[in-house]
Amino acid sequence: MTNPVLSIDNLQTHFFTRAGVVKAVDNISLSVNAGEILGLVGESGSGKSITGFSILGLVDEPGRIVGGSIKLSGEELIGKPEAALRRIRGGRASMIFQDPMMTLNPVLRIETQMIEAIRAHEKVPRREAWQRARDGLAQVGIPSPEERLKCYPHELSGGMRQRVAIAIAFLNRPEFIVADEPTTALDVTIQSQILAEAQKLCRENRTAMIWITHDLSVVAGLADTIAVMYAGRIVENGPAEAVLRSPRHPYTSGLIKSVPGEHLVGQRLFQIPGMTPSLLKLGEACAFKERCAYQDDACSAAPPISMEGGRACRCFHPLRADTAAQSGGAAKESAP
Amino acid sequence: MLAFLIRRIGQSAVVVLLMATIVFFGVNLVGDPVHMLVSPEADQAEIARVIQQFGLDRPIVEQYWLFLKGAVQGNLGTSFIFGQPAVGLILERLPATMELAVCALVLAVFFGIPLGVYSGIKPKSRVSQVIMAASIFGFSLPTFWVGIMLIMFFSVQLQLLPSTGRGEVGSFLGIDSSLFTLDGLKHIILPATNLALLKMSMVIRLSRAGTREVMQQDYIKFARAKGLSFGRIVWAHLLKNIMIPVITVLGLEFGSLIAFSVVTESIFAWPGMGKLLIDSVLQLDRPVIVAYLMIVVFLFVAINLVVDVIYSLLDPRVSLTGAKS
Ligand SMILES: Nc1ncnc2c1ncn2[C@@H]1O[C@H](COP(=O)(O)OP(=O)(O)O)[C@@H](O)[C@H]1O
Ligand SMILES: [Mg+2]
């Protein structure tokens with residue numbers, strides 16, 4: 001077995017708010033190998049972005065990493081001084097954000113924003129940095145990159161801007177990238193182009209990647225492994241194909257069924273009943289209990305993690321392959 | 001750019017004309033200048049002679065027309081008191097006021113922006129709280145009172161700085177200014193500080209609010225995710241964004257610095273336009289008042305135009321060719 005590029009163990013990131021402690025990330029463990037993509041899936045508010053920010057050491061007040069370990073190629077990141085973290089950010093580990101309209105500084109030219117990203121890590125002459133920036137843009141499929149470098153962000157479309165952000169993330173050939181829902185704000189056609197380009201870059205550069213999304217259909221063709229996050233915890237984790245084919249956690253199963261597909265034309269879409277619980281009020285009990293068709297008294301305790309064939313699931317009543325395949329078996333049907 | 005300038009100059013001309021009308025009729029409704037011009041013992045003939053000499057006997061509309069015609073030629077009448085062209089009287093004193101206003105603006109920017117940015121980045125620190133408290137005082141204490149306190153403390157108690165006049169005036173590159181002599185510099189410190197305090201408080205508030213807003217933006221977090229140093233983030237990413245509102249407001253405030261340096265000039269006996277205005281108001285020297293107001297309007301309009309141009313240079317999203325995007 002190869003050593004993972006990124007391995008997270010029992011990471012806990014909490015927000016200390018006036019209303020109480022919000023356990024946005026509560027004991028999660030993950031690992032990603034070189035050249036592989038892990039799809040981190042969950043409804044909004046489940047703690048996906050905070051997981052990404054935790055890895056780069058970008059959690060802001062009132063949030064704080066309170067426990068666990070994050071290792072980049074074996075090197076512990078938690079507790080590193082800010083100066084050391086700064087060198088890692090954008091160098092060995094970088095991030096792509098959700099909204100391309102907001103991630104580029106409106107008053108600086110693209111070239112300024114790319115060149116500074118290179119020169120923050122390597123003291124190369126401007127000219128050389130400029131050439132690397134241009135090549136970076138060409139790599140993500142931007143036509144006439146020399147002209148684009150002169151542009152201000154508002155002169156580019158959303159898809160172009162996200163390509164620029166992706167190019168920036170890859171500029172210093174990082175070992176690891178977190179992509180935080182980078183296609184959510186884009187049109188479907190542009191979304192698939194960008195997915196394909198990011199996937200290609202990741203494979204070519206042997207970058208380990210976490211691709212965050214709330215949309216299972218996005219990661220279906222993209223990810224090697226899938227981790228499903230719910231209320232700050234990972235409830236299921238395993239090879240992408242296996243998780244999608246036979247989900248073991250009732251929540252995963254519900255998510256899969258709520259993806260619109262061709263076979264459902266004319267039918268009402270499935271929807272997981274209820275809402276995500278407030279992260280303030282979570283106790284030991286399974287956070288999905290109230291929304292789950294399989295819940296019973298046992299679910300009031302902390303669910304154990306069951307491992308089976310390289311897959312992990314945090315549930316008292318994991319689905320077997322045959323039950324999960326039956327339609328309507330996994331979660332309560334939503335009321336009309 | 002050219003089309004923009006032409007359009008803006010046209011708009012400015014309309015503003016100036018409107019102001020000219022308001023100023024002229026407004027001032028003509030105040031008091032009777034004849035009584036100021038002739039001695040109380042003067043007879044009817046003497047009064048008639050003065051009225052005739054200054055054109056006060058013509059119908060008001062005709063006076064207005066003559067005023068406009070003169071104004072276009074840069075002639076806004078002759079001072080009743082000094083017997084000199086009013087515009088010349090004011091322009092003579094313009095450099096003194098300008099140097100005071102520029103110094104105040106420079107002080108406001110050089111102290112206000114760093115203090116505001118600091119307190120925006122570290123809103124909870126003790127130092128920031130002190131800065132904010134001080135800026136509240138800067139806003140709420142009346143200028144004349146602060147001026148008097150400055151004189152009491154620095155001139156009377158400590159005897160460090162002079163409190164009246166412009167001091168020795170030096171000449172450099174054909175410009176006469178008290179900034180070019182040590183004595184002149186000593187004279188300008190107190191009045192410039194006095195005039196600057198209010199604007200400095202404003203700059204502190206603006207840059208603090210801007211800093212807090214900008215620092216929350218995704219592009220700042222993205223800049224951090226790129227591994228930029230904190231200094232680079234503040235210098236390249238933050239400052240350029242907060243300068244846009246600061247420059248806009250300061251540009252407009254510069255006009256008011258010139259116009260309302262009246263109080264400071266009176267307290268420190270600074271021989272500028274403001275002091276001339278006060279003297280003219282007291283003596284009902286209508287042409288000087290009118291000329292003063294017109295010059296101030298003109299300055300405001302010109303400064304506005306310059307601010308718009310600077311604004312478009314700072315913010316790439318604004319283009320002067322078409323409408324603002
Ligand atoms: N600044 C904050 N203060 C308090 N709670 C926060 C803050 N930021 C995030 N959280 C909490 O963390 C949870 C996870 O947020 P996030 O990771 O952004 O979710 P998502 O999965 O949609 O990316 C949110 O539901 C919220 O309760
Ligand atoms: Mg998110």
# chains A, B, ... in the order shown; residues from 1 in each chain; ligands from 1
call {"tool": "interface_residues", "arguments": {"of": "chain B", "to": "chain A", "cutoff": "7 Å", "atoms": "only C-alpha atoms", "output": "list in words"}}
result
Asp218, Tyr219, Phe222, Ala225, Lys226, Gly227, Leu228, His237, Asn241, Asp315, Pro316 and Arg317 of chain B
call {"tool": "residues_around", "arguments": {"residues": "range 190-197 of chain B", "least_positions_apart": "5", "cutoff": "7 Å", "atoms": "only C-alpha atoms", "output": "compact mmCIF listing (two decimals) with N, CA and C atoms, in the first residue's frame"}}
result
# COMPACT_ATOMS: atom_id res chain seq x y z
N LEU B 100 -3.18 75.31 3.68
CA LEU B 100 -3.75 74.82 4.93
C LEU B 100 -4.60 73.58 4.67
N CYS B 103 -2.41 70.56 3.66
CA CYS B 103 -1.74 69.99 4.83
C CYS B 103 -2.72 69.17 5.67
N ALA B 104 -3.91 69.74 5.87
CA ALA B 104 -4.91 69.03 6.68
C ALA B 104 -5.28 67.70 6.02
N LEU B 105 -5.42 67.72 4.70
CA LEU B 105 -5.79 66.50 3.98
C LEU B 105 -4.69 65.45 4.10
N LEU B 107 -2.44 65.21 6.44
CA LEU B 107 -2.45 64.68 7.82
C LEU B 107 -3.57 63.66 7.99
N ALA B 108 -4.75 64.00 7.49
CA ALA B 108 -5.91 63.12 7.65
C ALA B 108 -5.66 61.77 6.99
N GLY B 138 -13.03 63.27 17.80
CA GLY B 138 -12.72 64.05 16.60
C GLY B 138 -13.98 64.50 15.88
N THR B 143 -14.91 72.36 16.25
CA THR B 143 -13.60 72.78 15.75
C THR B 143 -13.05 73.99 16.49
N VAL B 146 -11.64 72.96 19.89
CA VAL B 146 -10.37 72.24 19.76
C VAL B 146 -9.26 73.22 19.41
N GLY B 147 -9.57 74.16 18.52
CA GLY B 147 -8.57 75.16 18.13
C GLY B 147 -8.09 75.96 19.33
N LEU B 150 -5.91 73.84 21.51
CA LEU B 150 -4.57 73.66 20.93
C LEU B 150 -3.70 74.87 21.24
N SER B 261 -12.79 76.20 6.01
CA SER B 261 -11.63 76.51 6.84
C SER B 261 -11.86 77.85 7.53
N THR B 264 -11.30 77.76 11.39
CA THR B 264 -9.89 77.61 11.74
C THR B 264 -9.11 78.87 11.39
N PHE B 268 -6.96 81.10 14.17
CA PHE B 268 -5.51 81.21 14.08
C PHE B 268 -5.06 82.42 13.28
call {"tool": "residues_near_ligand", "arguments": {"ligand": "ligand 1", "cutoff": "9 Å", "atoms": "only C-alpha atoms and all ligand atoms", "output": "count of residues only"}}
result
41
call {"tool": "residues_around", "arguments": {"residues": "Asn27 in chain A", "least_positions_apart": "3", "cutoff": "6 Å", "atoms": "only C-alpha atoms", "output": "JSON, numbers by chain"}}
result
{"A": [10, 11, 12]}
call {"tool": "select_by_dssp", "arguments": {"residues": "range 23-112 of chain A", "states": "strand (DSSP E)", "output": "PyMOL selection string"}}
result
chain A and resi 23-32+37-41+63-72+75-76+93-96
